[in-house]
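J.: The following block contains the structure, expressed as structure tokens.
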Amino acid sequence: MKRKSKLTIAIGTAVLAVLGATAVYAQDKYTLKSPSGIAFSDFRGYEDWAVVSSARTDEVLKVIVANPAMIKAYKTGVPGNGQPFPDGSKIAKLQWKPKKSTEAPFAVDVPDVFAQAFVMEKDSRRFPKSGGWGYAVFNYEAASDKFTADPKSLSDCGHTCHVAVKAKDHIFHPYQKR
């Protein structure tokens with residue numbers, strides 16, 4: 001009986017060690033921070049946020065999602081009503097490399113490999129130089145199944161690319177009709 005108990009304990013210990021090692025090596029993307037200090041953890045749950053819009057460039061398909069605070073503001077007319085988004089608003093542009101569908105009976109591009117999460121958060125005190133918005137990019141590498149903070153990601157992107165939409169509180173994508 002003692003021998004079976006020792007064997008059972010040894011097997012149980014080995015299984016727990018393997019599971020523990022797997023957990024240690026699995027990446028927690030929410031521990032990442034951009035060079036400017038924007039934490040990926042600020043966007044926890046983005047996978048389930050409501051869709052604002054979609055877009056396509058030659059390189060990527062984008063789905064733009066926003067947190068409940070920003071969706072609520074959109075539904076009240078922001079930014080078209082001249083009001084800014086409230087602090088705490090967050091938006092993410094989720095970007096995939098496209099591929100032609102091999103299943104659809106018509107020509108259509110569908111998402112292939114996830115490439116990047118471009119995120120923005122409104123915090124007027126923290127980001128006063130860019131209309132209150134902080135910006136970060138988190139790249140995804142499919143081969144390693146890991147995210148990395150983009151080293152060129154600047155928190156004050158609003159001074160460059162988003163200045164064109166300053167009148168829309170620095171947001172390119174309108175909330176689309178349903």
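Residues are referred to by chain and number: the chain letter is A, B, ... according to the order shown in the structure tokens, the number counts from 1 in that chain, and ligands are numbered separately from 1 in the order shown.
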Quick one: residues within 12 Å of Pro174 in chain A, only C-alpha atoms counted, chain neighbours fewer than 5 positions away excluded, as an MDAnalysis selection string?
T.: chainID A and resid 51:55 64:66 70:71 73:75 77:80 91 165 168:169
J.: CA of Ala149 in chain A and CA of Val137 in chain A, how far apart in Å?
T.: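 That distance, rounded to one decimal, is 6.2 Å.
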J.: To one decimal place, how far is CA of Asn139 in chain A from CA of Gly45 in chain A in Å?
T.: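 Separating CA of Asn139 in chain A from CA of Gly45 in chain A is a distance of 17.3 Å.
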J.: Compile the contact shell of Ala39 in chain A as a short mmCIF file (atom, residue, chain, number, x, y, z; two decimals) with N, CA, C and O atoms, in the first residue's frame: residues with an atom at most 10 Å away, counting only C-alpha atoms, same-chain residues fewer than 5 positions apart removed.
T.:
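Result file result.cif:
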data_model
loop_
_atom_site.label_atom_id
_atom_site.label_comp_id
_atom_site.auth_asym_id
_atom_site.auth_seq_id
_atom_site.Cartn_x
_atom_site.Cartn_y
_atom_site.Cartn_z
N LYS A 29 -0.23 39.06 -21.12
CA LYS A 29 -0.09 40.30 -21.88
C LYS A 29 -0.41 41.52 -21.03
O LYS A 29 0.06 42.62 -21.32
N TYR A 30 -1.19 41.33 -19.98
CA TYR A 30 -1.57 42.45 -19.15
C TYR A 30 -0.46 42.97 -18.24
O TYR A 30 -0.65 43.93 -17.51
N THR A 31 0.71 42.36 -18.28
CA THR A 31 1.85 42.89 -17.54
C THR A 31 2.65 43.88 -18.38
O THR A 31 3.54 44.54 -17.87
N LEU A 32 2.32 44.00 -19.67
CA LEU A 32 3.08 44.87 -20.57
C LEU A 32 2.73 46.34 -20.36
O LEU A 32 1.59 46.69 -20.07
N LYS A 33 3.75 47.19 -20.56
CA LYS A 33 3.57 48.65 -20.56
C LYS A 33 4.28 49.21 -21.76
O LYS A 33 5.35 48.74 -22.15
N SER A 34 3.69 50.24 -22.35
CA SER A 34 4.33 50.92 -23.47
C SER A 34 5.48 51.77 -22.93
O SER A 34 5.55 52.03 -21.73
N ARG A 44 -7.98 45.74 -20.12
CA ARG A 44 -8.47 44.39 -19.79
C ARG A 44 -9.94 44.29 -20.19
O ARG A 44 -10.75 45.16 -19.89
N VAL A 119 -4.12 51.15 -28.96
CA VAL A 119 -5.05 51.53 -27.91
C VAL A 119 -4.93 53.02 -27.57
O VAL A 119 -3.87 53.62 -27.73
N ALA A 136 -0.89 53.94 -27.36
CA ALA A 136 0.11 52.87 -27.28
C ALA A 136 -0.20 51.81 -28.32
O ALA A 136 -1.35 51.65 -28.74
N PHE A 138 0.55 47.68 -29.09
CA PHE A 138 1.04 46.39 -28.63
C PHE A 138 1.01 45.44 -29.82
O PHE A 138 -0.06 45.15 -30.37
N ALA A 149 5.24 45.45 -26.32
CA ALA A 149 4.96 46.88 -26.42
C ALA A 149 5.83 47.43 -27.54
O ALA A 149 7.02 47.18 -27.59
#
J.: Between CA of Trp133 in chain A and CA of Gln27 in chain A, what is the spacing in Å?
T.: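 Going from CA of Gln27 in chain A over to CA of Trp133 in chain A, I get 27.4 Å.
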J.: Tell me which protein, DNA and RNA residues are within 7 Å of Lys100 in chain A, counting only C-alpha atoms, leaving out same-chain ones fewer than 5 positions away, and put them as a list in words.
T.: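 Neighbouring residues, sequence-local ones excluded: Val108, Asp109 and Val110 of chain A.
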